[in-house]
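protein02.cif, holding mmCIF, C-alpha atoms:
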```
data_final
#
loop_
_atom_site.label_atom_id
_atom_site.label_comp_id
_atom_site.auth_asym_id
_atom_site.auth_seq_id
_atom_site.Cartn_x
_atom_site.Cartn_y
_atom_site.Cartn_z
CA MET A 224 0.00 0.00 0.00
CA GLN A 225 2.90 2.32 0.71
CA PHE A 226 4.07 1.88 -2.87
CA TYR A 227 0.63 2.84 -4.17
CA GLN A 228 0.78 5.99 -2.10
CA ILE A 229 4.14 6.79 -3.71
CA LEU A 230 2.68 6.33 -7.18
CA LYS A 231 -0.28 8.53 -6.33
CA LYS A 232 2.03 11.23 -4.95
CA ILE A 233 4.12 11.22 -8.12
CA ILE A 234 0.99 11.56 -10.22
CA ARG A 235 -0.37 14.51 -8.24
CA THR A 236 2.82 16.45 -7.55
CA GLY A 237 6.02 17.70 -9.16
CA VAL A 238 6.75 17.43 -12.87
CA GLY A 239 4.07 14.73 -13.17
CA LYS A 240 1.33 17.13 -12.13
CA GLY A 241 2.05 19.53 -15.01
CA ARG A 242 1.98 16.79 -17.63
CA PHE A 243 -1.09 15.27 -16.01
CA TRP A 244 -3.17 18.43 -16.29
CA MET A 245 -1.78 19.26 -19.73
CA ALA A 246 -3.01 15.91 -20.98
CA ALA A 247 -6.39 16.29 -19.23
CA ILE A 248 -7.01 19.80 -20.63
CA GLY A 249 -5.87 18.74 -24.10
CA LEU A 250 -8.22 15.75 -24.03
CA GLY A 251 -11.14 17.91 -22.91
CA ILE A 252 -10.62 20.53 -25.63
CA ALA A 253 -10.10 17.84 -28.25
CA MET A 254 -13.33 16.05 -27.32
CA LEU A 255 -15.27 19.31 -27.25
CA LEU A 256 -14.06 20.35 -30.73
CA ILE A 257 -14.81 16.93 -32.22
CA LEU A 258 -18.29 16.76 -30.67
CA VAL A 259 -19.13 20.33 -31.75
CA ALA A 260 -18.01 19.57 -35.32
CA LEU A 261 -20.13 16.40 -35.44
CA GLN A 262 -23.19 18.14 -33.97
CA VAL A 263 -22.94 21.14 -36.31
CA HIS A 264 -22.74 18.77 -39.28
CA GLN A 265 -25.82 16.91 -38.05
CA ASN A 266 -27.73 20.14 -37.43
CA PHE A 267 -26.94 21.42 -40.92
CA ASN A 268 -28.19 18.18 -42.49
CA GLU A 269 -31.32 18.39 -40.35
CA LEU A 270 -31.98 21.94 -41.51
CA LEU A 271 -31.66 20.81 -45.13
CA HIS A 272 -33.48 17.48 -45.07
CA SER A 273 -35.74 17.28 -42.02
CA ASP A 274 -39.49 17.13 -42.62
CA LYS A 275 -39.90 20.00 -40.14
CA ASN A 276 -37.78 22.24 -42.38
CA GLU A 277 -39.04 20.93 -45.71
CA ASN A 278 -39.56 23.64 -48.30
CA GLU A 279 -41.45 22.09 -51.17
CA THR A 280 -40.79 24.88 -53.67
CA ALA A 281 -37.03 24.59 -53.16
CA ASP A 282 -37.05 20.98 -54.39
CA PHE A 283 -37.90 21.91 -57.99
CA LEU A 284 -35.56 23.67 -60.37
CA VAL A 285 -36.34 24.95 -63.85
CA ILE A 286 -33.18 24.66 -65.94
CA ASN A 287 -32.27 26.28 -69.24
CA LYS A 288 -29.10 27.11 -71.11
CA ARG A 289 -27.42 30.45 -70.53
CA ILE A 290 -27.92 32.72 -73.52
CA THR A 291 -24.69 34.16 -74.91
CA ASN A 292 -23.95 36.51 -77.78
CA ASP A 293 -22.88 33.55 -79.92
CA MET A 294 -26.36 32.04 -79.55
CA MET A 295 -28.25 35.09 -80.79
CA GLY A 296 -30.21 34.27 -83.92
CA LYS A 297 -29.57 30.55 -83.40
CA PRO A 298 -32.52 29.24 -81.36
CA GLU A 299 -31.42 25.64 -81.87
CA MET A 300 -28.40 26.32 -79.66
CA SER A 301 -30.63 27.13 -76.69
CA THR A 302 -32.47 23.79 -76.76
CA PHE A 303 -31.51 20.52 -75.11
CA THR A 304 -30.34 17.65 -77.26
CA PRO A 305 -31.40 14.04 -76.47
CA THR A 306 -27.86 13.33 -75.25
CA GLU A 307 -27.92 16.32 -72.88
CA ILE A 308 -31.33 15.30 -71.55
CA LYS A 309 -30.19 11.73 -70.96
CA ASP A 310 -27.05 12.94 -69.18
CA LEU A 311 -29.02 15.29 -66.93
CA GLN A 312 -31.55 12.59 -66.05
CA ALA A 313 -28.72 10.26 -64.99
CA GLN A 314 -27.25 12.67 -62.42
CA PRO A 315 -27.46 11.53 -58.78
CA PHE A 316 -29.09 14.77 -57.63
CA VAL A 317 -32.07 14.31 -59.99
CA ASN A 318 -35.03 12.59 -58.31
CA GLY A 319 -37.58 13.59 -60.90
CA PHE A 320 -37.36 14.94 -64.43
CA GLY A 321 -39.84 16.64 -66.73
CA MET A 322 -39.69 18.61 -69.95
CA ILE A 323 -41.43 21.95 -70.33
CA THR A 324 -43.38 21.89 -73.58
CA ALA A 325 -43.71 25.23 -75.34
CA ALA A 326 -46.63 26.21 -77.57
CA ASP A 327 -46.01 25.94 -81.32
CA PHE A 328 -48.69 28.52 -82.05
CA ASN A 329 -49.50 32.17 -81.40
CA VAL A 330 -51.49 33.23 -78.34
CA LYS A 331 -53.27 36.55 -77.78
CA LEU A 332 -55.07 37.66 -74.63
CA GLU A 333 -57.99 40.10 -74.88
CA MET A 334 -59.69 41.79 -71.92
CA ASP A 335 -62.03 44.34 -73.47
CA LYS A 336 -63.49 45.48 -70.15
CA LEU A 337 -60.05 46.57 -69.00
CA GLY A 338 -58.86 47.64 -72.43
CA ILE A 339 -56.02 45.12 -72.38
CA THR A 340 -54.78 43.23 -75.41
CA SER A 341 -51.48 41.41 -75.23
CA GLU A 342 -49.46 38.73 -76.90
CA LEU A 343 -49.05 35.77 -74.61
CA PHE A 344 -47.28 32.43 -74.48
CA PHE A 345 -48.29 29.03 -73.16
CA GLU A 346 -46.19 26.23 -71.74
CA ALA A 347 -47.06 22.90 -70.14
CA VAL A 348 -45.37 20.54 -67.70
CA PRO A 349 -46.34 17.11 -66.34
CA ASP A 350 -48.97 17.47 -63.61
CA SER A 351 -46.64 15.93 -60.99
CA PHE A 352 -44.48 19.08 -61.14
CA ILE A 353 -47.31 21.55 -60.56
CA ASP A 354 -47.70 23.02 -57.07
CA VAL A 355 -51.32 24.13 -57.55
CA LYS A 356 -53.83 21.47 -56.53
CA THR A 357 -57.27 22.04 -57.99
CA ALA A 358 -59.98 19.93 -59.58
CA ASP A 359 -60.32 22.55 -62.33
CA TRP A 360 -56.91 21.67 -63.78
CA LYS A 361 -58.15 19.63 -66.73
CA TRP A 362 -59.10 20.15 -70.36
CA THR A 363 -60.66 17.92 -72.99
CA GLU A 364 -61.05 18.53 -76.71
CA GLY A 365 -64.15 20.61 -77.39
CA GLN A 366 -64.01 22.42 -74.05
CA GLN A 367 -64.28 26.17 -74.60
CA GLU A 368 -62.76 27.28 -71.30
CA ILE A 369 -59.00 27.01 -70.81
CA PRO A 370 -57.68 26.78 -67.22
CA LEU A 371 -54.51 28.77 -66.62
CA ILE A 372 -51.91 28.79 -63.87
CA VAL A 373 -49.79 31.94 -63.75
CA PRO A 374 -46.80 32.87 -61.56
CA SER A 375 -47.57 34.70 -58.35
CA SER A 376 -45.06 37.34 -59.44
CA PHE A 377 -47.26 38.19 -62.46
CA LEU A 378 -50.04 39.38 -60.17
CA ASP A 379 -47.61 41.49 -58.15
CA MET A 380 -46.21 43.07 -61.31
CA PHE A 381 -49.72 43.87 -62.53
CA ASN A 382 -50.92 45.33 -59.21
CA PHE A 383 -47.85 47.34 -58.28
CA GLY A 384 -46.49 48.12 -61.72
CA PHE A 385 -48.98 48.15 -64.57
CA ALA A 386 -52.18 48.92 -62.63
CA MET A 387 -50.76 51.73 -60.49
CA GLY A 388 -48.91 53.26 -63.44
CA ASN A 389 -52.03 53.31 -65.61
CA GLY A 390 -54.63 54.25 -63.03
CA MET A 391 -56.27 50.83 -63.13
CA PRO A 392 -57.80 48.90 -60.21
CA GLN A 393 -55.71 46.34 -58.39
CA PHE A 394 -56.93 42.77 -58.05
CA SER A 395 -56.74 40.19 -55.31
CA GLU A 396 -56.17 36.56 -56.20
CA GLU A 397 -59.84 35.78 -55.50
CA THR A 398 -61.05 38.60 -57.77
CA ILE A 399 -58.76 37.87 -60.69
CA LYS A 400 -59.91 34.24 -60.67
CA THR A 401 -63.43 35.46 -61.48
CA LEU A 402 -62.32 37.23 -64.67
CA SER A 403 -62.76 35.47 -68.02
CA PRO A 404 -60.38 36.95 -70.59
CA GLU A 405 -60.60 35.83 -74.20
CA ILE A 406 -57.77 33.74 -75.62
CA VAL A 407 -57.12 33.60 -79.37
CA ILE A 408 -54.97 30.71 -80.58
CA SER A 409 -53.76 30.99 -84.14
CA GLN A 410 -51.23 29.91 -86.72
CA GLY A 411 -51.41 31.51 -90.15
CA LEU A 412 -55.03 31.54 -91.29
CA ARG A 413 -56.16 29.05 -88.68
CA SER A 414 -57.45 30.37 -85.37
CA GLY A 415 -59.61 29.51 -82.42
CA ARG A 416 -61.22 31.59 -79.71
CA PHE A 417 -61.57 30.40 -76.13
CA ALA A 418 -62.50 31.74 -72.72
CA ALA A 419 -59.79 31.52 -70.10
CA ARG A 420 -59.87 31.32 -66.33
CA ILE A 421 -57.01 31.56 -63.86
CA VAL A 422 -57.33 28.61 -61.48
CA GLY A 423 -54.19 29.13 -59.44
CA PHE A 424 -50.90 30.91 -58.86
CA SER A 425 -47.58 29.09 -58.90
CA ASP A 426 -44.52 29.88 -56.81
CA ARG A 427 -42.55 27.15 -58.54
CA ILE A 428 -42.65 27.79 -62.29
CA SER A 429 -42.41 31.27 -63.80
CA THR A 430 -44.53 30.81 -66.90
CA VAL A 431 -48.16 30.68 -68.03
CA LEU A 432 -49.18 27.04 -67.74
CA VAL A 433 -51.98 25.19 -69.50
CA PRO A 434 -52.89 21.50 -69.16
CA MET A 435 -50.72 19.11 -71.17
CA SER A 436 -53.82 17.84 -73.00
CA LEU A 437 -54.50 21.34 -74.36
CA MET A 438 -50.87 21.81 -75.34
CA GLU A 439 -50.76 18.53 -77.26
CA TRP A 440 -54.04 19.32 -79.02
CA GLY A 441 -52.99 22.89 -79.81
CA ASN A 442 -49.61 21.90 -81.21
CA SER A 443 -51.14 19.21 -83.41
CA THR A 444 -54.01 21.45 -84.60
CA PHE A 445 -52.34 24.84 -84.92
CA GLY A 446 -48.66 23.96 -84.86
CA THR A 447 -46.21 23.78 -87.73
CA GLY A 448 -46.00 20.01 -87.51
CA VAL A 449 -42.32 20.12 -86.58
CA THR A 450 -41.46 18.70 -83.17
CA LYS A 451 -39.29 21.17 -81.31
CA ALA A 452 -36.62 20.22 -78.81
CA PRO A 453 -37.28 21.55 -75.28
CA SER A 454 -35.51 24.73 -74.27
CA ARG A 455 -36.34 24.32 -70.57
CA VAL A 456 -36.61 21.31 -68.29
CA ILE A 457 -37.66 20.90 -64.69
CA ILE A 458 -36.04 18.60 -62.15
CA LYS A 459 -36.87 17.55 -58.63
CA SER A 460 -33.88 17.42 -56.29
CA LYS A 461 -33.75 16.48 -52.62
CA ASP A 462 -31.01 19.03 -52.05
CA PRO A 463 -30.88 22.10 -54.31
CA SER A 464 -27.87 23.32 -52.30
CA ASP A 465 -25.80 20.27 -53.26
CA PRO A 466 -22.42 21.60 -54.50
CA ILE A 467 -22.35 18.75 -57.05
CA LEU A 468 -25.55 20.12 -58.58
CA THR A 469 -24.31 23.71 -58.82
CA LYS A 470 -20.98 22.55 -60.23
CA TYR A 471 -22.77 20.47 -62.88
CA LEU A 472 -24.87 23.47 -63.92
CA ASP A 473 -21.81 25.72 -64.14
CA ASP A 474 -19.76 23.15 -66.06
CA HIS A 475 -22.52 22.76 -68.66
CA ASN A 476 -23.39 26.46 -68.81
CA TYR A 477 -26.91 25.81 -67.51
CA ALA A 478 -28.89 28.37 -65.54
CA THR A 479 -31.62 28.13 -62.92
CA ASN A 480 -33.18 30.24 -60.21
CA LYS A 481 -30.16 31.21 -58.09
CA GLU A 482 -32.40 31.87 -55.10
CA LYS A 483 -33.00 28.13 -54.82
CA THR A 484 -29.31 27.20 -54.98
CA ARG A 485 -28.02 30.07 -52.85
CA PHE A 486 -27.30 27.73 -49.93
CA SER A 487 -24.71 25.86 -51.98
CA THR A 488 -21.96 28.36 -51.14
CA VAL A 489 -23.10 28.53 -47.52
CA ARG A 490 -23.02 24.75 -47.35
CA VAL A 491 -19.47 24.57 -48.67
CA ILE A 492 -18.36 27.20 -46.14
CA VAL A 493 -20.07 25.39 -43.25
CA GLN A 494 -18.61 22.03 -44.29
CA THR A 495 -15.15 23.59 -44.57
CA ILE A 496 -15.40 25.18 -41.12
CA VAL A 497 -16.72 21.94 -39.62
CA SER A 498 -13.90 19.97 -41.25
CA VAL A 499 -11.27 22.39 -39.95
CA VAL A 500 -12.71 22.28 -36.42
CA GLY A 501 -12.86 18.49 -36.55
CA PHE A 502 -9.28 18.33 -37.85
CA PHE A 503 -7.94 20.47 -35.01
CA GLY A 504 -9.94 18.33 -32.61
CA LEU A 505 -8.25 15.19 -33.93
CA VAL A 506 -4.83 16.85 -33.72
CA LEU A 507 -5.46 17.81 -30.09
CA LEU A 508 -6.72 14.30 -29.35
CA ILE A 509 -3.51 12.80 -30.72
CA PHE A 510 -1.54 15.36 -28.71
CA ALA A 511 -3.44 14.42 -25.54
CA LEU A 512 -2.84 10.71 -26.12
CA LEU A 513 0.89 11.31 -26.58
CA VAL A 514 1.11 13.41 -23.41
CA PHE A 515 -0.77 10.78 -21.43
CA SER A 516 1.62 8.11 -22.72
CA MET A 517 4.63 10.25 -21.82
CA PHE A 518 3.14 10.90 -18.40
CA ILE A 519 2.62 7.20 -17.75
CA GLN A 520 6.18 6.51 -18.87
CA LEU A 521 7.41 9.22 -16.48
CA VAL A 522 5.51 7.72 -13.55
CA ILE A 523 6.81 4.23 -14.22
CA GLU A 524 10.39 5.39 -14.77
CA SER A 525 10.30 7.40 -11.54
CA CYS A 526 9.31 4.23 -9.65
CA ARG A 527 11.47 1.77 -11.56
CA LYS A 528 13.31 0.46 -8.47
CA GLU A 529 10.13 0.14 -6.40
CA ILE A 530 8.25 -1.61 -9.23
CA ARG A 531 11.09 -4.09 -9.74
CA LEU A 532 11.19 -4.77 -6.01
CA LEU A 533 7.43 -5.36 -5.82
CA ILE A 534 7.55 -7.67 -8.83
CA THR A 535 10.46 -9.56 -7.25
CA LEU A 536 8.46 -9.93 -4.03
CA GLY A 537 5.58 -11.47 -5.98
CA THR A 538 3.31 -8.54 -6.90
CA ALA A 539 1.55 -9.37 -10.16
CA PRO A 540 2.23 -6.88 -13.03
CA GLY A 541 -1.48 -6.92 -13.77
CA GLN A 542 -2.19 -5.58 -10.31
CA LEU A 543 0.15 -2.65 -10.89
CA GLN A 544 -1.41 -2.02 -14.29
CA ARG A 545 -4.92 -1.93 -12.85
CA TYR A 546 -3.90 0.52 -10.12
CA LEU A 547 -2.29 2.92 -12.58
CA LEU A 548 -5.33 2.80 -14.86
CA LYS A 549 -7.65 3.45 -11.90
CA GLN A 550 -5.91 6.78 -11.46
CA PHE A 551 -6.89 7.85 -14.99
CA VAL A 552 -10.17 6.15 -16.00
CA PRO A 553 -12.42 8.24 -13.69
CA LEU A 554 -10.82 11.37 -15.13
CA TYR A 555 -11.54 10.20 -18.70
CA ILE A 556 -15.19 9.67 -17.85
CA VAL A 557 -15.53 13.06 -16.14
CA ILE A 558 -13.91 14.83 -19.10
CA GLY A 559 -16.12 12.97 -21.59
CA LEU A 560 -19.34 13.68 -19.68
CA LEU A 561 -18.36 17.33 -19.19
CA ALA A 562 -17.66 17.80 -22.93
CA LEU A 563 -20.96 16.10 -23.79
CA ALA A 564 -22.81 18.29 -21.27
CA ILE A 565 -21.34 21.46 -22.80
CA VAL A 566 -22.40 20.31 -26.29
CA ALA A 567 -25.88 19.49 -24.94
CA GLY A 568 -26.16 23.00 -23.49
CA LEU A 569 -25.05 24.59 -26.75
CA GLN A 570 -27.48 22.38 -28.69
CA TRP A 571 -30.39 23.37 -26.45
CA TRP A 572 -29.55 27.06 -26.93
CA ALA A 573 -29.15 26.66 -30.71
CA SER A 574 -32.48 24.82 -30.94
CA GLY A 575 -34.33 27.66 -29.21
CA PHE A 576 -32.56 30.34 -31.22
CA LEU A 577 -33.26 28.64 -34.58
CA ALA A 578 -36.89 27.98 -33.62
CA GLN A 579 -37.41 31.74 -33.41
CA LYS A 580 -36.26 31.91 -37.05
CA LYS A 581 -38.71 29.13 -38.08
CA MET A 582 -35.87 26.63 -38.41
CA PHE A 583 -35.93 23.47 -36.38
CA VAL A 584 -33.25 21.15 -35.03
CA SER A 585 -33.26 18.67 -32.17
CA ALA A 586 -32.95 20.14 -28.67
CA VAL A 587 -30.58 17.38 -27.57
CA PRO A 588 -27.34 16.09 -29.12
CA GLY A 589 -27.74 13.32 -31.65
CA THR A 590 -26.63 9.73 -31.20
CA THR A 591 -23.52 10.56 -33.25
CA ALA A 592 -22.18 12.79 -30.48
CA VAL A 593 -22.90 10.20 -27.79
CA VAL A 594 -21.32 7.38 -29.80
CA ALA A 595 -18.31 9.59 -30.61
CA THR A 596 -17.81 10.30 -26.89
CA ALA A 597 -17.83 6.59 -26.10
CA ILE A 598 -15.43 5.82 -28.96
CA ILE A 599 -12.95 8.53 -27.91
CA LEU A 600 -13.00 7.37 -24.28
CA LEU A 601 -12.46 3.79 -25.39
CA LEU A 602 -9.59 4.89 -27.63
CA VAL A 603 -7.94 6.80 -24.79
CA TYR A 604 -8.33 3.79 -22.49
CA ILE A 605 -6.82 1.40 -25.06
CA VAL A 606 -3.84 3.69 -25.72
CA ASN A 607 -3.10 4.12 -22.04
CA LEU A 608 -3.58 0.41 -21.34
CA ARG A 609 -1.05 -0.44 -24.04
CA ALA A 610 1.38 2.16 -22.66
CA VAL A 611 1.08 0.79 -19.11
CA LYS A 612 1.51 -2.80 -20.25
CA LYS A 613 4.49 -1.91 -22.42
CA HIS A 614 6.40 -0.09 -19.69
CA ILE A 615 5.51 -2.48 -16.87
CA ALA A 616 6.57 -5.43 -19.02
CA GLY A 617 9.92 -3.72 -19.64
CA MET A 618 10.81 -3.66 -15.95
#
```
Give the structure from this file in structure tokens form.
Amino acid sequence: MQFYQILKKIIRTGVGKGRFWMAAIGLGIAMLLILVALQVHQNFNELLHSDKNENETADFLVINKRITNDMMGKPEMSTFTPTEIKDLQAQPFVNGFGMITAADFNVKLEMDKLGITSELFFEAVPDSFIDVKTADWKWTEGQQEIPLIVPSSFLDMFNFGFAMGNGMPQFSEETIKTLSPEIVISQGLRSGRFAARIVGFSDRISTVLVPMSLMEWGNSTFGTGVTKAPSRVIIKSKDPSDPILTKYLDDHNYATNKEKTRFSTVRVIVQTIVSVVGFFGLVLLIFALLVFSMFIQLVIESCRKEIRLLITLGTAPGQLQRYLLKQFVPLYIVIGLLALAIVAGLQWWASGFLAQKKMFVSAVPGTTAVVATAIILLLVYIVNLRAVKKHIAGM
């Protein structure tokens, strides 16, 4: 027992004390940095993919080619070839693909009561890509009323731009849905007149949409008979901020709504910061393990004569190993629990702060942080066990 008291004194005093606390502080900081990095990464993924934070409109991207001076007067250069379409469909970030079909005929809108006459354009997309859900979204041949879906921004431009500038009344969504403008579809000498009704406003697609059945009928009846390649496509992506997606668009000179991919740069920055923090955490962890090993070696070397004497007198090396480890294991556990508690406190604060911004993450650390704590503690224990066994065996 007297020998054990000597070992304990060496651990707590003198040059051993400095190395002891250096290793303990290094281990604590290392664990904290690693756990923070893991939790931030999990929170960021939760903000992007959790059902609580799901933003349906951000999952759909309308893609077209960037128009350059070289493409002016060459409309065929702005369309997608079958090879380009096939390549885009095969990308890992594409979870749904649809082509936007443009009208191959002329469209004119007439609203005599308001004194408005304007050229218009129609496009159509598969129904699965439309964010307006209404039973009125259908058309069959012979039907004289055409349902329309227009962008929400069109109504804002009319109310706050055209109407105010021309002394005209402004319209709410409910009121404008009651209007029935006339639509004239024509191509050369052929023409047809229809009533139109706006059945919804889209925040997803910035174009005037008609049902696909009307588009197919109109193109076959009034079109030129030449099938045109699509100039715009729409994709569904689980993660519009995926850097792979934005890189693909840039590499192929494709363009989309930048508002929906604006988080790509933020994501890269966050991932870089998290990686750097995690890297420094690993470096500090390695440093702490080395200092602990050096400290153990110092303790054993300081008691070399006593250890040899005890072994000669019949003390089992395993008994000495267990005593030395008992001096450190409780400290490992305290450091690990303290680091996890700090991360839990930060996570609880972050959850409340983000909730005020209508963003939601878990209020407690994820299983990744808990598992990482256990793994680090196990790693520290294994390294120190090997160090103790190595130096005791060398006596």
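Using all atoms listed in the file, the nearest neighbour of Arg413 in chain A within the list A:Gly446, A:Pro463, A:Gly501, A:Gly388 is A:Gly446.
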(request) Check which residues satisfy the PyMOL selection byres ((chain A and resi 253) around 9) in the file shown, then give them as a ChimeraX atom specification. (result) /A:248-252,254-258,501,503-511
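What the PyMOL selection byres ((chain A and resi 343) around 8) grabs from this file is Asn329, Val330, Lys331, Leu332, Ser341, Glu342, Phe344 and Phe345 of chain A.
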(request) Would you mind reading off the distance between CA of Ile399 in chain A and CA of Gly423 in chain A, one decimal, in Å? (result)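 It comes out at 9.9 Å.
With distances taken over all atoms listed in the file, A:Lys288 is the one residue among A:Arg609, A:Lys549, A:Lys288, A:His264 lying closest to Asp474 in chain A.
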Using the chain letters and numbers from the file, give me the residues hit by the PyMOL selection byres ((chain A and resi 410) around 12), as a PDB file with C-alpha atoms, in the coordinates of the input.
```pdb
ATOM      1  CA  ALA A 326     -46.630  26.210 -77.570  1.00  0.00           C
ATOM      2  CA  ASP A 327     -46.010  25.940 -81.320  1.00  0.00           C
ATOM      3  CA  PHE A 328     -48.690  28.520 -82.050  1.00  0.00           C
ATOM      4  CA  ASN A 329     -49.500  32.170 -81.400  1.00  0.00           C
ATOM      5  CA  VAL A 330     -51.490  33.230 -78.340  1.00  0.00           C
ATOM      6  CA  LYS A 331     -53.270  36.550 -77.780  1.00  0.00           C
ATOM      7  CA  VAL A 407     -57.120  33.600 -79.370  1.00  0.00           C
ATOM      8  CA  ILE A 408     -54.970  30.710 -80.580  1.00  0.00           C
ATOM      9  CA  SER A 409     -53.760  30.990 -84.140  1.00  0.00           C
ATOM     10  CA  GLY A 411     -51.410  31.510 -90.150  1.00  0.00           C
ATOM     11  CA  LEU A 412     -55.030  31.540 -91.290  1.00  0.00           C
ATOM     12  CA  ARG A 413     -56.160  29.050 -88.680  1.00  0.00           C
ATOM     13  CA  SER A 414     -57.450  30.370 -85.370  1.00  0.00           C
ATOM     14  CA  GLY A 415     -59.610  29.510 -82.420  1.00  0.00           C
ATOM     15  CA  GLY A 441     -52.990  22.890 -79.810  1.00  0.00           C
ATOM     16  CA  ASN A 442     -49.610  21.900 -81.210  1.00  0.00           C
ATOM     17  CA  SER A 443     -51.140  19.210 -83.410  1.00  0.00           C
ATOM     18  CA  THR A 444     -54.010  21.450 -84.600  1.00  0.00           C
ATOM     19  CA  PHE A 445     -52.340  24.840 -84.920  1.00  0.00           C
ATOM     20  CA  GLY A 446     -48.660  23.960 -84.860  1.00  0.00           C
ATOM     21  CA  THR A 447     -46.210  23.780 -87.730  1.00  0.00           C
ATOM     22  CA  GLY A 448     -46.000  20.010 -87.510  1.00  0.00           C
TER      23      GLY A 448
END
```
Kindly list the centre and edge lengths in Å, rounded to one decimal, for the axis-aligned box that covers all listed atoms of range 573-592 of chain A plus 3 Å on each of its six sides, as lines of an AutoDock Vina configuration file.
```
center_x = -30.4
center_y = 20.8
center_z = -33.0
size_x = 22.5
size_y = 28.2
size_z = 16.8
```
(request) Could you tell me which of A:Ser403, A:Val263, A:Ile467, A:Trp440 comes closest to Val493 in chain A if we count all atoms listed in the file? (result)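 Looking at the shortest contact to Val493 in chain A, the residue is A:Val263.
Considering all atoms listed in the file, the residue among A:Leu563, A:Val514, A:Leu432, A:Leu547 positioned nearest to Ala597 in chain A is A:Leu563.
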(request) State, in Å with one decimal place, the distance from CA of Ile372 in chain A to CA of Trp360 in chain A. (result)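 These two atoms are separated by 8.7 Å.
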(request) Identify which of the residues A:Leu554, A:Leu601, A:Leu569, A:Ile353 lies closest to Trp244 in chain A, counting all atoms listed in the file when measuring atom-to-atom distances. (result)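 Closest candidate: A:Leu554.
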(message) Can you measure CA of Val422 in chain A to CA of Gly338 in chain A for me? One decimal in Å is fine.
(response)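 Separation of CA of Val422 in chain A and CA of Gly338 in chain A: 22.0 Å.
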(message) Need to verify the contact set: Arg545 in chain A, 10 Å, all atoms listed in the file, exclusion of same-chain residues closer than 6 positions in sequence. Can you return it as a ChimeraX atom specification?
(response) /A:608,611-612
Output file for the residues above (C-alpha atoms, as a short mmCIF file (atom, residue, chain, number, x, y, z; two decimals), in the coordinates of the input):
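Writing the result to part11.cif gives the following:
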```cif
data_model
loop_
_atom_site.label_atom_id
_atom_site.label_comp_id
_atom_site.auth_asym_id
_atom_site.auth_seq_id
_atom_site.Cartn_x
_atom_site.Cartn_y
_atom_site.Cartn_z
CA LEU A 608 -3.58 0.41 -21.34
CA VAL A 611 1.08 0.79 -19.11
CA LYS A 612 1.51 -2.80 -20.25
#
```
(message) Given all atoms listed in the file as the basis, pick out the residue of A:Val552, A:Ile323, A:Pro404, A:Gly296 nearest to Leu602 in chain A.
(response) A:Val552
(message) Excluding Ser454 in chain A and its own-chain neighbours fewer than 5 positions away, which residues fall within 12 Å of it when counting only C-alpha atoms? Please give them as a list in words.
(response)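 Listed by chain and then number, they are Val285, Ile286, Asn287, Lys288, Arg289, Ile290, Pro298, Glu299, Met300, Ser301, Thr302, Phe303, Thr304, Pro305, Glu307, Ile308, Gly321, Met322, Ile323, Thr324, Ala325, Ala326, Glu346, Tyr477 and Ala478 of chain A.
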(request) Could you give me, as a VMD selection string, the residues within 9 Å of Asn266 in chain A, counting all atoms listed in the file and dropping anything in the same chain fewer than 6 positions from it? (result) chain A and resid 583 to 585 589
